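Source file: start-v1.pdb. Holds: PDB, C-alpha atoms and all ligand atoms.
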ATOM      1  CA  MET V   1     -49.037 -13.847  38.985  1.00  0.00           C
ATOM      2  CA  SER V   2     -47.942 -12.247  42.165  1.00  0.00           C
ATOM      3  CA  PHE V   3     -49.470  -9.277  43.815  1.00  0.00           C
ATOM      4  CA  PRO V   4     -47.302  -6.665  45.360  1.00  0.00           C
ATOM      5  CA  ARG V   5     -47.236  -6.934  49.095  1.00  0.00           C
ATOM      6  CA  PRO V   6     -49.025  -4.128  50.836  1.00  0.00           C
ATOM      7  CA  LEU V   7     -46.607  -1.701  52.298  1.00  0.00           C
ATOM      8  CA  ARG V   8     -46.820  -1.954  56.022  1.00  0.00           C
ATOM      9  CA  ARG V   9     -45.169   0.609  58.114  1.00  0.00           C
ATOM     10  CA  SER V  10     -44.462  -0.696  61.528  1.00  0.00           C
ATOM     11  CA  VAL V  11     -43.666   1.728  64.254  1.00  0.00           C
ATOM     12  CA  SER V  12     -42.316   0.025  67.293  1.00  0.00           C
ATOM     13  CA  LEU V  13     -42.249   2.169  70.345  1.00  0.00           C
ATOM     14  CA  SER V  14     -40.480   1.234  73.498  1.00  0.00           C
ATOM     15  CA  PRO V  15     -42.577   1.325  76.648  1.00  0.00           C
ATOM     16  CA  ALA V  16     -43.364   4.822  77.736  1.00  0.00           C
ATOM     17  CA  ARG V  17     -41.027   6.701  80.017  1.00  0.00           C
ATOM     18  CA  THR V  18     -42.231   9.317  82.391  1.00  0.00           C
ATOM     19  CA  LEU V  19     -40.298  12.451  83.109  1.00  0.00           C
ATOM     20  CA  ARG V  20     -41.320  14.649  85.998  1.00  0.00           C
ATOM     21  CA  LEU V  21     -40.514  18.261  85.533  1.00  0.00           C
ATOM     22  CA  VAL V  22     -40.799  21.045  88.029  1.00  0.00           C
ATOM     23  CA  VAL V  23     -41.155  24.607  86.797  1.00  0.00           C
ATOM     24  CA  LEU V  24     -39.769  27.139  89.251  1.00  0.00           C
ATOM     25  CA  GLY V  25     -39.491  30.898  89.294  1.00  0.00           C
ATOM     26  CA  GLN V  26     -40.863  34.057  90.770  1.00  0.00           C
ATOM     27  CA  SER V  27     -44.483  35.074  90.503  1.00  0.00           C
ATOM     28  CA  ALA V  28     -45.851  36.199  87.113  1.00  0.00           C
ATOM     29  CA  VAL V  29     -42.906  35.036  85.001  1.00  0.00           C
ATOM     30  CA  GLY V  30     -45.219  32.819  82.947  1.00  0.00           C
ATOM     31  CA  LYS V  31     -44.799  29.399  84.575  1.00  0.00           C
ATOM     32  CA  THR V  32     -48.476  28.632  84.302  1.00  0.00           C
ATOM     33  CA  GLU V  33     -48.391  29.126  80.560  1.00  0.00           C
ATOM     34  CA  MET V  34     -46.167  26.104  80.217  1.00  0.00           C
ATOM     35  CA  ILE V  35     -48.112  22.934  79.468  1.00  0.00           C
ATOM     36  CA  TYR V  36     -49.041  20.517  82.213  1.00  0.00           C
ATOM     37  CA  ARG V  37     -48.921  17.264  80.409  1.00  0.00           C
ATOM     38  CA  HIS V  38     -47.241  16.499  77.202  1.00  0.00           C
ATOM     39  CA  VAL V  39     -46.707  13.290  75.331  1.00  0.00           C
ATOM     40  CA  ALA V  40     -43.984  13.172  72.717  1.00  0.00           C
ATOM     41  CA  VAL V  41     -42.150  10.548  70.715  1.00  0.00           C
ATOM     42  CA  ILE V  42     -38.444  11.236  70.993  1.00  0.00           C
ATOM     43  CA  ASP V  43     -36.000   8.964  69.188  1.00  0.00           C
ATOM     44  CA  GLY V  44     -38.690   6.266  68.931  1.00  0.00           C
ATOM     45  CA  GLU V  45     -39.540   6.413  72.608  1.00  0.00           C
ATOM     46  CA  MET V  46     -42.827   7.601  73.941  1.00  0.00           C
ATOM     47  CA  VAL V  47     -42.191  10.079  76.704  1.00  0.00           C
ATOM     48  CA  HIS V  48     -44.798  11.356  79.126  1.00  0.00           C
ATOM     49  CA  PHE V  49     -43.949  14.668  80.664  1.00  0.00           C
ATOM     50  CA  GLU V  50     -45.644  15.407  83.947  1.00  0.00           C
ATOM     51  CA  ILE V  51     -45.173  19.038  84.776  1.00  0.00           C
ATOM     52  CA  LEU V  52     -45.677  20.718  88.077  1.00  0.00           C
ATOM     53  CA  ASP V  53     -45.329  24.403  88.650  1.00  0.00           C
ATOM     54  CA  THR V  54     -44.612  26.222  91.836  1.00  0.00           C
ATOM     55  CA  ALA V  55     -46.887  29.067  92.786  1.00  0.00           C
ATOM     56  CA  GLY V  56     -44.477  31.979  92.976  1.00  0.00           C
ATOM     57  CA  GLN V  57     -44.737  33.864  96.231  1.00  0.00           C
ATOM     58  CA  GLU V  58     -47.685  31.915  97.587  1.00  0.00           C
ATOM     59  CA  GLU V  59     -45.675  28.881  98.506  1.00  0.00           C
ATOM     60  CA  ASP V  60     -43.503  28.428 101.521  1.00  0.00           C
ATOM     61  CA  SER V  61     -40.016  27.088 101.091  1.00  0.00           C
ATOM     62  CA  LEU V  62     -40.966  23.664 102.451  1.00  0.00           C
ATOM     63  CA  GLN V  63     -43.527  23.190  99.691  1.00  0.00           C
ATOM     64  CA  ILE V  64     -41.012  24.218  97.074  1.00  0.00           C
ATOM     65  CA  GLU V  65     -38.451  21.814  98.511  1.00  0.00           C
ATOM     66  CA  GLU V  66     -40.932  18.947  98.335  1.00  0.00           C
ATOM     67  CA  LYS V  67     -41.682  19.669  94.718  1.00  0.00           C
ATOM     68  CA  ILE V  68     -37.981  19.872  93.924  1.00  0.00           C
ATOM     69  CA  LYS V  69     -37.450  16.484  95.546  1.00  0.00           C
ATOM     70  CA  TRP V  70     -40.278  15.033  93.436  1.00  0.00           C
ATOM     71  CA  GLY V  71     -38.829  16.222  90.153  1.00  0.00           C
ATOM     72  CA  ASP V  72     -36.445  14.542  87.729  1.00  0.00           C
ATOM     73  CA  GLY V  73     -35.690  17.727  85.817  1.00  0.00           C
ATOM     74  CA  PHE V  74     -36.142  21.434  86.405  1.00  0.00           C
ATOM     75  CA  ALA V  75     -36.922  24.557  84.418  1.00  0.00           C
ATOM     76  CA  VAL V  76     -36.011  27.701  86.306  1.00  0.00           C
ATOM     77  CA  VAL V  77     -37.982  30.483  84.676  1.00  0.00           C
ATOM     78  CA  TYR V  78     -37.583  34.242  84.807  1.00  0.00           C
ATOM     79  CA  SER V  79     -39.198  36.980  82.798  1.00  0.00           C
ATOM     80  CA  VAL V  80     -36.940  39.105  80.613  1.00  0.00           C
ATOM     81  CA  THR V  81     -39.110  42.039  81.733  1.00  0.00           C
ATOM     82  CA  ASP V  82     -38.435  41.511  85.444  1.00  0.00           C
ATOM     83  CA  ARG V  83     -34.936  41.916  86.844  1.00  0.00           C
ATOM     84  CA  CYS V  84     -35.905  40.538  90.285  1.00  0.00           C
ATOM     85  CA  SER V  85     -37.079  37.290  88.736  1.00  0.00           C
ATOM     86  CA  PHE V  86     -33.685  36.974  87.031  1.00  0.00           C
ATOM     87  CA  ASP V  87     -31.866  37.594  90.314  1.00  0.00           C
ATOM     88  CA  GLU V  88     -33.838  34.724  91.858  1.00  0.00           C
ATOM     89  CA  VAL V  89     -32.603  32.186  89.310  1.00  0.00           C
ATOM     90  CA  MET V  90     -29.231  31.588  90.910  1.00  0.00           C
ATOM     91  CA  ARG V  91     -30.733  30.914  94.337  1.00  0.00           C
ATOM     92  CA  LEU V  92     -33.189  28.392  92.886  1.00  0.00           C
ATOM     93  CA  CYS V  93     -30.446  26.613  90.935  1.00  0.00           C
ATOM     94  CA  PHE V  94     -28.365  26.269  94.090  1.00  0.00           C
ATOM     95  CA  LEU V  95     -31.382  24.960  95.993  1.00  0.00           C
ATOM     96  CA  ILE V  96     -32.028  22.311  93.332  1.00  0.00           C
ATOM     97  CA  ASN V  97     -28.397  21.242  93.378  1.00  0.00           C
ATOM     98  CA  HIS V  98     -28.377  21.102  97.126  1.00  0.00           C
ATOM     99  CA  LEU V  99     -31.539  18.976  97.378  1.00  0.00           C
ATOM    100  CA  HIS V 100     -30.513  16.581  94.618  1.00  0.00           C
ATOM    101  CA  ALA V 101     -26.958  16.108  95.725  1.00  0.00           C
ATOM    102  CA  SER V 102     -26.735  12.359  95.825  1.00  0.00           C
ATOM    103  CA  PRO V 103     -23.895   9.862  96.004  1.00  0.00           C
ATOM    104  CA  LYS V 104     -25.496   8.103  93.029  1.00  0.00           C
ATOM    105  CA  ARG V 105     -24.620  10.974  90.768  1.00  0.00           C
ATOM    106  CA  SER V 106     -21.171  10.038  89.598  1.00  0.00           C
ATOM    107  CA  GLY V 107     -18.613  12.134  91.378  1.00  0.00           C
ATOM    108  CA  ALA V 108     -19.198  15.668  92.459  1.00  0.00           C
ATOM    109  CA  ALA V 109     -19.476  17.172  88.996  1.00  0.00           C
ATOM    110  CA  GLU V 110     -22.831  15.806  87.804  1.00  0.00           C
ATOM    111  CA  GLN V 111     -25.664  18.265  88.299  1.00  0.00           C
ATOM    112  CA  PRO V 112     -29.337  17.339  88.155  1.00  0.00           C
ATOM    113  CA  PRO V 113     -30.878  18.295  84.801  1.00  0.00           C
ATOM    114  CA  VAL V 114     -31.754  21.972  84.972  1.00  0.00           C
ATOM    115  CA  VAL V 115     -32.388  24.593  82.326  1.00  0.00           C
ATOM    116  CA  ILE V 116     -32.671  28.343  82.739  1.00  0.00           C
ATOM    117  CA  VAL V 117     -35.561  29.833  80.788  1.00  0.00           C
ATOM    118  CA  GLY V 118     -35.965  33.532  80.023  1.00  0.00           C
ATOM    119  CA  ASN V 119     -39.638  33.933  79.133  1.00  0.00           C
ATOM    120  CA  LYS V 120     -41.615  36.790  77.478  1.00  0.00           C
ATOM    121  CA  LYS V 121     -38.997  37.546  74.863  1.00  0.00           C
ATOM    122  CA  ASP V 122     -41.836  38.919  72.726  1.00  0.00           C
ATOM    123  CA  LEU V 123     -41.951  41.970  75.028  1.00  0.00           C
ATOM    124  CA  GLN V 124     -38.821  43.526  73.530  1.00  0.00           C
ATOM    125  CA  PHE V 125     -39.700  47.075  74.571  1.00  0.00           C
ATOM    126  CA  ASP V 126     -40.148  46.130  78.225  1.00  0.00           C
ATOM    127  CA  ARG V 127     -36.940  44.176  78.491  1.00  0.00           C
ATOM    128  CA  MET V 128     -34.905  44.524  81.668  1.00  0.00           C
ATOM    129  CA  VAL V 129     -32.694  41.464  81.212  1.00  0.00           C
ATOM    130  CA  SER V 130     -30.620  41.139  78.062  1.00  0.00           C
ATOM    131  CA  THR V 131     -29.970  37.902  76.235  1.00  0.00           C
ATOM    132  CA  GLU V 132     -26.316  38.362  77.133  1.00  0.00           C
ATOM    133  CA  ASP V 133     -27.189  38.470  80.860  1.00  0.00           C
ATOM    134  CA  GLY V 134     -28.927  35.118  80.467  1.00  0.00           C
ATOM    135  CA  GLU V 135     -26.018  33.645  78.526  1.00  0.00           C
ATOM    136  CA  ASN V 136     -23.487  34.828  81.090  1.00  0.00           C
ATOM    137  CA  LEU V 137     -25.440  33.293  83.937  1.00  0.00           C
ATOM    138  CA  SER V 138     -25.773  30.090  81.948  1.00  0.00           C
ATOM    139  CA  LYS V 139     -21.994  29.969  81.442  1.00  0.00           C
ATOM    140  CA  ALA V 140     -21.271  30.751  85.076  1.00  0.00           C
ATOM    141  CA  LEU V 141     -23.594  28.026  86.370  1.00  0.00           C
ATOM    142  CA  LYS V 142     -22.917  25.627  83.468  1.00  0.00           C
ATOM    143  CA  ILE V 143     -26.635  25.248  82.886  1.00  0.00           C
ATOM    144  CA  PRO V 144     -28.281  25.395  79.444  1.00  0.00           C
ATOM    145  CA  PHE V 145     -30.210  28.547  78.668  1.00  0.00           C
ATOM    146  CA  TYR V 146     -33.235  29.272  76.489  1.00  0.00           C
ATOM    147  CA  GLU V 147     -35.096  32.446  75.709  1.00  0.00           C
ATOM    148  CA  ILE V 148     -38.681  31.762  74.806  1.00  0.00           C
ATOM    149  CA  SER V 149     -42.139  33.240  74.560  1.00  0.00           C
ATOM    150  CA  THR V 150     -44.789  30.898  75.858  1.00  0.00           C
ATOM    151  CA  ARG V 151     -47.327  33.318  74.426  1.00  0.00           C
ATOM    152  CA  ASP V 152     -46.010  33.172  70.874  1.00  0.00           C
ATOM    153  CA  SER V 153     -44.711  29.658  70.542  1.00  0.00           C
ATOM    154  CA  TYR V 154     -45.683  26.135  71.408  1.00  0.00           C
ATOM    155  CA  GLU V 155     -42.450  24.686  70.072  1.00  0.00           C
ATOM    156  CA  GLU V 156     -40.143  26.647  72.333  1.00  0.00           C
ATOM    157  CA  PRO V 157     -41.353  25.263  75.686  1.00  0.00           C
ATOM    158  CA  VAL V 158     -41.485  21.817  74.093  1.00  0.00           C
ATOM    159  CA  ALA V 159     -37.821  22.199  73.083  1.00  0.00           C
ATOM    160  CA  VAL V 160     -37.011  23.024  76.713  1.00  0.00           C
ATOM    161  CA  PHE V 161     -38.666  19.803  77.881  1.00  0.00           C
ATOM    162  CA  GLY V 162     -36.911  17.843  75.136  1.00  0.00           C
ATOM    163  CA  SER V 163     -33.523  19.113  76.239  1.00  0.00           C
ATOM    164  CA  LEU V 164     -34.183  18.099  79.835  1.00  0.00           C
ATOM    165  CA  TYR V 165     -35.163  14.647  78.633  1.00  0.00           C
ATOM    166  CA  GLN V 166     -31.962  14.297  76.620  1.00  0.00           C
ATOM    167  CA  GLU V 167     -29.911  15.290  79.638  1.00  0.00           C
ATOM    168  CA  LEU V 168     -31.693  12.734  81.818  1.00  0.00           C
ATOM    169  CA  LEU V 169     -31.027  10.047  79.249  1.00  0.00           C
ATOM    170  CA  ARG V 170     -27.389  11.059  79.121  1.00  0.00           C
ATOM    171  CA  GLN V 171     -27.119  10.796  82.878  1.00  0.00           C
ATOM    172  CA  GLY V 172     -28.981   7.466  82.884  1.00  0.00           C
ATOM    173  CA  HIS V 173     -30.999   8.833  85.722  1.00  0.00           C
ATOM    174  CA  PHE V 174     -34.554   7.686  85.138  1.00  0.00           C
ATOM    175  CA  SER V 175     -35.804   6.287  88.368  1.00  0.00           C
ATOM    176  CA  PRO V 176     -38.851   4.176  87.660  1.00  0.00           C
ATOM    177  CA  GLY V 177     -41.265   3.768  90.452  1.00  0.00           C
ATOM    178  CA  SER V 178     -40.305   4.321  94.004  1.00  0.00           C
ATOM    179  CA  PHE V 179     -43.459   4.281  96.101  1.00  0.00           C
ATOM    180  CA  LYS V 180     -43.410   8.015  96.386  1.00  0.00           C
ATOM    181  CA  ARG V 181     -43.153   8.516  92.651  1.00  0.00           C
ATOM    182  CA  ARG V 182     -45.992   6.095  91.863  1.00  0.00           C
ATOM    183  CA  THR V 183     -48.166   7.796  94.418  1.00  0.00           C
ATOM    184  CA  VAL V 184     -47.581  11.172  92.892  1.00  0.00           C
ATOM    185  CA  SER V 185     -48.266   9.716  89.459  1.00  0.00           C
ATOM    186  CA  LYS V 186     -51.662   8.685  90.753  1.00  0.00           C
ATOM    187  CA  LEU V 187     -52.155  12.249  91.811  1.00  0.00           C
ATOM    188  CA  MET V 188     -51.341  13.372  88.294  1.00  0.00           C
ATOM    189  CA  GLU V 189     -54.030  11.016  86.930  1.00  0.00           C
ATOM    190  CA  LYS V 190     -56.585  13.022  88.841  1.00  0.00           C
ATOM    191  CA  ILE V 191     -55.672  16.214  87.087  1.00  0.00           C
ATOM    192  CA  PRO V 192     -58.534  17.392  84.910  1.00  0.00           C
ATOM    193  CA  LYS V 193     -57.604  16.969  81.272  1.00  0.00           C
ATOM    194  CA  MET V 194     -57.899  20.677  80.611  1.00  0.00           C
ATOM    195  CA  GLN V 195     -54.350  20.883  79.329  1.00  0.00           C
ATOM    196  CA  ALA V 196     -53.831  17.304  78.410  1.00  0.00           C
ATOM    197  CA  SER V 197     -51.763  15.647  75.736  1.00  0.00           C
ATOM    198  CA  SER V 198     -49.756  17.639  73.269  1.00  0.00           C
ATOM    199  CA  THR V 199     -52.025  20.590  72.741  1.00  0.00           C
ATOM    200  CA  LEU V 200     -51.088  23.852  74.315  1.00  0.00           C
ATOM    201  CA  ASN V 201     -53.888  25.688  75.917  1.00  0.00           C
ATOM    202  CA  SER V 202     -52.300  28.983  76.707  1.00  0.00           C
ATOM    203  CA  THR V 203     -55.551  30.371  78.028  1.00  0.00           C
ATOM    204  CA  GLY V 204     -55.885  27.632  80.642  1.00  0.00           C
ATOM    205  CA  ARG V 205     -55.126  28.601  84.199  1.00  0.00           C
ATOM    206  CA  SER V 206     -53.033  27.016  86.816  1.00  0.00           C
ATOM    207  CA  LEU V 207     -53.915  23.796  88.482  1.00  0.00           C
ATOM    208  CA  SER V 208     -53.719  24.181  92.179  1.00  0.00           C
ATOM    209  CA  PHE V 209     -51.358  21.896  94.016  1.00  0.00           C
ATOM    210  CA  ASN V 210     -52.032  23.225  97.460  1.00  0.00           C
ATOM    211  CA  SER V 211     -52.804  19.708  98.571  1.00  0.00           C
ATOM    212  CA  PHE V 212     -49.646  18.320  97.039  1.00  0.00           C
ATOM    213  CA  ARG V 213     -48.034  17.551 100.356  1.00  0.00           C
ATOM    214  CA  ASP V 214     -50.926  15.346 101.400  1.00  0.00           C
ATOM    215  CA  TYR V 215     -49.928  12.858  98.721  1.00  0.00           C
ATOM    216  CA  ILE V 216     -46.345  12.443  99.808  1.00  0.00           C
ATOM    217  CA  PRO V 217     -46.102   9.559 102.243  1.00  0.00           C
ATOM    218  CA  GLU V 218     -44.106  10.123 105.380  1.00  0.00           C
TER     219      GLU V 218
HETATM  220  N1  LIG H   1     -46.272  38.850  76.617  1.00  0.00           N
HETATM  221  C1  LIG H   1     -46.181  37.679  77.244  1.00  0.00           C
HETATM  222  N2  LIG H   1     -46.911  37.450  78.342  1.00  0.00           N
HETATM  223  C2  LIG H   1     -46.794  36.260  78.954  1.00  0.00           C
HETATM  224  C3  LIG H   1     -45.927  35.240  78.493  1.00  0.00           C
HETATM  225  N3  LIG H   1     -46.036  34.180  79.320  1.00  0.00           N
HETATM  226  C4  LIG H   1     -46.920  34.524  80.262  1.00  0.00           C
HETATM  227  N4  LIG H   1     -47.397  35.784  80.047  1.00  0.00           N
HETATM  228  C5  LIG H   1     -48.364  36.525  80.860  1.00  0.00           C
HETATM  229  O1  LIG H   1     -47.748  36.819  82.107  1.00  0.00           O
HETATM  230  C6  LIG H   1     -48.737  36.810  83.144  1.00  0.00           C
HETATM  231  C7  LIG H   1     -48.301  35.907  84.283  1.00  0.00           C
HETATM  232  O2  LIG H   1     -48.252  34.570  83.792  1.00  0.00           O
HETATM  233  P1  LIG H   1     -48.469  33.312  84.766  1.00  0.00           P
HETATM  234  O3  LIG H   1     -48.334  32.108  83.928  1.00  0.00           O
HETATM  235  O4  LIG H   1     -49.714  33.484  85.576  1.00  0.00           O
HETATM  236  O5  LIG H   1     -47.218  33.481  85.734  1.00  0.00           O
HETATM  237  P2  LIG H   1     -46.762  32.489  86.926  1.00  0.00           P
HETATM  238  O6  LIG H   1     -45.276  32.439  86.867  1.00  0.00           O
HETATM  239  O7  LIG H   1     -47.470  31.171  86.844  1.00  0.00           O
HETATM  240  O8  LIG H   1     -47.219  33.307  88.209  1.00  0.00           O
HETATM  241  P3  LIG H   1     -47.649  32.731  89.668  1.00  0.00           P
HETATM  242  O9  LIG H   1     -48.821  31.821  89.441  1.00  0.00           O
HETATM  243  O10 LIG H   1     -47.983  33.963  90.446  1.00  0.00           O
HETATM  244  O11 LIG H   1     -46.453  32.010  90.229  1.00  0.00           O
HETATM  245  C8  LIG H   1     -50.055  36.369  82.481  1.00  0.00           C
HETATM  246  O12 LIG H   1     -50.823  37.515  82.223  1.00  0.00           O
HETATM  247  C9  LIG H   1     -49.593  35.716  81.207  1.00  0.00           C
HETATM  248  O13 LIG H   1     -50.555  35.813  80.178  1.00  0.00           O
HETATM  249  C10 LIG H   1     -45.159  35.502  77.305  1.00  0.00           C
HETATM  250  O14 LIG H   1     -44.359  34.699  76.822  1.00  0.00           O
HETATM  251  N5  LIG H   1     -45.319  36.741  76.745  1.00  0.00           N
END
Starting from the file, give its structure as structure tokens.
Ligand SMILES: Nc1nc2c(ncn2[C@@H]2O[C@H](COP(=O)(O)OP(=O)(O)OP(=O)(O)O)[C@@H](O)[C@H]2O)c(=O)[nH]1
Amino acid sequence: MSFPRPLRRSVSLSPARTLRLVVLGQSAVGKTEMIYRHVAVIDGEMVHFEILDTAGQEEDSLQIEEKIKWGDGFAVVYSVTDRCSFDEVMRLCFLINHLHASPKRSGAAEQPPVVIVGNKKDLQFDRMVSTEDGENLSKALKIPFYEISTRDSYEEPVAVFGSLYQELLRQGHFSPGSFKRRTVSKLMEKIPKMQASSTLNSTGRSLSFNSFRDYIPE
């Protein structure tokens, strides 16, 4: 007599990858509402997202440049209720391109992974930037575009991160562990777990990275 073998489901995950994302945009567009750490399994791979936001007007351009250099992928956020924040998007996209221009990126055409994000789409009555405006900018810059509401949806910001990850994979541009990157990862370990893992805490407030520059070795 033979007993049926127990069904064993084996899930084999490749070693985790880490993707460093920088969230840029003018003040009050909703950057802080995006999660700070997120772990997801994408196509059988465990992916750690480490997410750093810039602090709108409070930061000087040198600080923003350092964060841009740290990042692997970028979400440039505006609020659909704020025309000025939309006008800032193009400048930030050019800055990212400029700072990440590298001979390693094959030829001149390859851009670093960037997405444009129009946030607060739930505020339909306060809209100052139409969906079409966002789409036109996206076409002109050849950068993917999403309209989301970080207030209403957890899935939408996660989809933004997922698309940046896919683009990085496509470009084969994961860069595991220069000294600078490992050092910053250590910094990320010190972040209180207030918005850890894959739960969105939309009430949580910004983590301050005023001391960010201290962690970048000369
Ligand atoms: N209605 C609505 N409000 C939002 C949304 N996302 C953020 N907010 C609100 O917009 C305000 C500004 O959001 P923050 O996340 O502080 O904006 P920020 O871009 O981090 O601003 P700085 O820290 O000044 O750079 C807060 O009151 C948020 O609650 C959204 O999708 N819909």
Kindly provide, as a PDB file with C-alpha atoms, keeping the file's coordinate frame, all nucleotide and amino acid residues lying within 7 Å of ligand LIG 1 (chain H), counting all atoms listed in the file.
ATOM      1  CA  GLY V  25     -39.491  30.898  89.294  1.00  0.00           C
ATOM      2  CA  GLN V  26     -40.863  34.057  90.770  1.00  0.00           C
ATOM      3  CA  SER V  27     -44.483  35.074  90.503  1.00  0.00           C
ATOM      4  CA  ALA V  28     -45.851  36.199  87.113  1.00  0.00           C
ATOM      5  CA  VAL V  29     -42.906  35.036  85.001  1.00  0.00           C
ATOM      6  CA  GLY V  30     -45.219  32.819  82.947  1.00  0.00           C
ATOM      7  CA  LYS V  31     -44.799  29.399  84.575  1.00  0.00           C
ATOM      8  CA  THR V  32     -48.476  28.632  84.302  1.00  0.00           C
ATOM      9  CA  GLU V  33     -48.391  29.126  80.560  1.00  0.00           C
ATOM     10  CA  THR V  54     -44.612  26.222  91.836  1.00  0.00           C
ATOM     11  CA  ALA V  55     -46.887  29.067  92.786  1.00  0.00           C
ATOM     12  CA  GLY V  56     -44.477  31.979  92.976  1.00  0.00           C
ATOM     13  CA  GLN V  57     -44.737  33.864  96.231  1.00  0.00           C
ATOM     14  CA  ASN V 119     -39.638  33.933  79.133  1.00  0.00           C
ATOM     15  CA  LYS V 120     -41.615  36.790  77.478  1.00  0.00           C
ATOM     16  CA  LYS V 121     -38.997  37.546  74.863  1.00  0.00           C
ATOM     17  CA  ASP V 122     -41.836  38.919  72.726  1.00  0.00           C
ATOM     18  CA  LEU V 123     -41.951  41.970  75.028  1.00  0.00           C
ATOM     19  CA  ILE V 148     -38.681  31.762  74.806  1.00  0.00           C
ATOM     20  CA  SER V 149     -42.139  33.240  74.560  1.00  0.00           C
ATOM     21  CA  THR V 150     -44.789  30.898  75.858  1.00  0.00           C
ATOM     22  CA  ARG V 151     -47.327  33.318  74.426  1.00  0.00           C
ATOM     23  CA  ASP V 152     -46.010  33.172  70.874  1.00  0.00           C
ATOM     24  CA  SER V 206     -53.033  27.016  86.816  1.00  0.00           C
TER      25      SER V 206
END
Please identify every residue of region 28-79 of chain V that has at least one atom no farther than 9 Å from an atom of region 90-100 of chain V, counting all atoms listed in the file, and for each give the shortest atom pair and the distance in Å to one decimal, arranged by chain then increasing number, as a tab-separated table.
residue	atom	partner	partner_atom	distance
V:Glu65	CA	V:Leu99	CA	7.6
V:Ile68	CA	V:Ile96	CA	6.5
V:Lys69	CA	V:Leu99	CA	6.7
V:Phe74	CA	V:Ile96	CA	8.1
V:Val76	CA	V:Leu92	CA	7.2
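Among the candidates V:Val158, V:Leu52, V:Leu141, V:Cys84, the residue lying nearest to Val23 (chain V) is V:Leu52 (atoms considered: all atoms listed in the file).
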Mind telling me what the PyMOL selection byres (((chain V and resi 138) around 12) and not hetatm) catches here, as a PyMOL selection string? chain V and resi 76+86+89-90+93+114-118+131-137+139-147
Would you write out those residues with C-alpha atoms, as a short mmCIF file (atom, residue, chain, number, x, y, z; two decimals), in the frame of the given file?
data_model
loop_
_atom_site.label_atom_id
_atom_site.label_comp_id
_atom_site.auth_asym_id
_atom_site.auth_seq_id
_atom_site.Cartn_x
_atom_site.Cartn_y
_atom_site.Cartn_z
CA VAL V 76 -36.01 27.70 86.31
CA PHE V 86 -33.68 36.97 87.03
CA VAL V 89 -32.60 32.19 89.31
CA MET V 90 -29.23 31.59 90.91
CA CYS V 93 -30.45 26.61 90.94
CA VAL V 114 -31.75 21.97 84.97
CA VAL V 115 -32.39 24.59 82.33
CA ILE V 116 -32.67 28.34 82.74
CA VAL V 117 -35.56 29.83 80.79
CA GLY V 118 -35.97 33.53 80.02
CA THR V 131 -29.97 37.90 76.24
CA GLU V 132 -26.32 38.36 77.13
CA ASP V 133 -27.19 38.47 80.86
CA GLY V 134 -28.93 35.12 80.47
CA GLU V 135 -26.02 33.65 78.53
CA ASN V 136 -23.49 34.83 81.09
CA LEU V 137 -25.44 33.29 83.94
CA LYS V 139 -21.99 29.97 81.44
CA ALA V 140 -21.27 30.75 85.08
CA LEU V 141 -23.59 28.03 86.37
CA LYS V 142 -22.92 25.63 83.47
CA ILE V 143 -26.64 25.25 82.89
CA PRO V 144 -28.28 25.40 79.44
CA PHE V 145 -30.21 28.55 78.67
CA TYR V 146 -33.24 29.27 76.49
CA GLU V 147 -35.10 32.45 75.71
#
For the structure provided, state which residues fall under the PyMOL selection byres (((chain V and resi 167) around 12) and not hetatm), and present them as a PyMOL selection string. chain V and resi 19+72-74+110-115+143-144+160-166+168-174
May I have the centre and edge lengths, in Å to one decimal, of an axis-aligned box around the listed atoms of region 120-131 of chain V with 6 Å added to every side, as AutoDock Vina command-line options?
--center_x -36.0 --center_y 41.9 --center_z 77.2 --size_x 24.0 --size_y 22.3 --size_z 20.9
d(CA of Tyr78 (chain V), CA of Glu156 (chain V)) in Å: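 Distance reported for this atom pair: 14.8 Å.
With the shown file loaded, the PyMOL selection byres (((chain V and resi 129) around 7) and not hetatm) picks out Val80, Thr81, Arg83, Arg127, Met128, Ser130, Thr131 and Asp133 of chain V.
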Save the residues we just selected, C-alpha atoms, as a compact mmCIF listing (two decimals), keeping the file's coordinate frame?
# COMPACT_ATOMS: atom_id res chain seq x y z
CA VAL V 80 -36.94 39.10 80.61
CA THR V 81 -39.11 42.04 81.73
CA ARG V 83 -34.94 41.92 86.84
CA ARG V 127 -36.94 44.18 78.49
CA MET V 128 -34.90 44.52 81.67
CA SER V 130 -30.62 41.14 78.06
CA THR V 131 -29.97 37.90 76.24
CA ASP V 133 -27.19 38.47 80.86
From CA of Ala75 (chain V) to CA of Glu88 (chain V) the spacing works out at 13.0 Å
One decimal, Å: what's the distance from CA of Val47 (chain V) over to CA of Ile64 (chain V), could you say? 24.8 Å
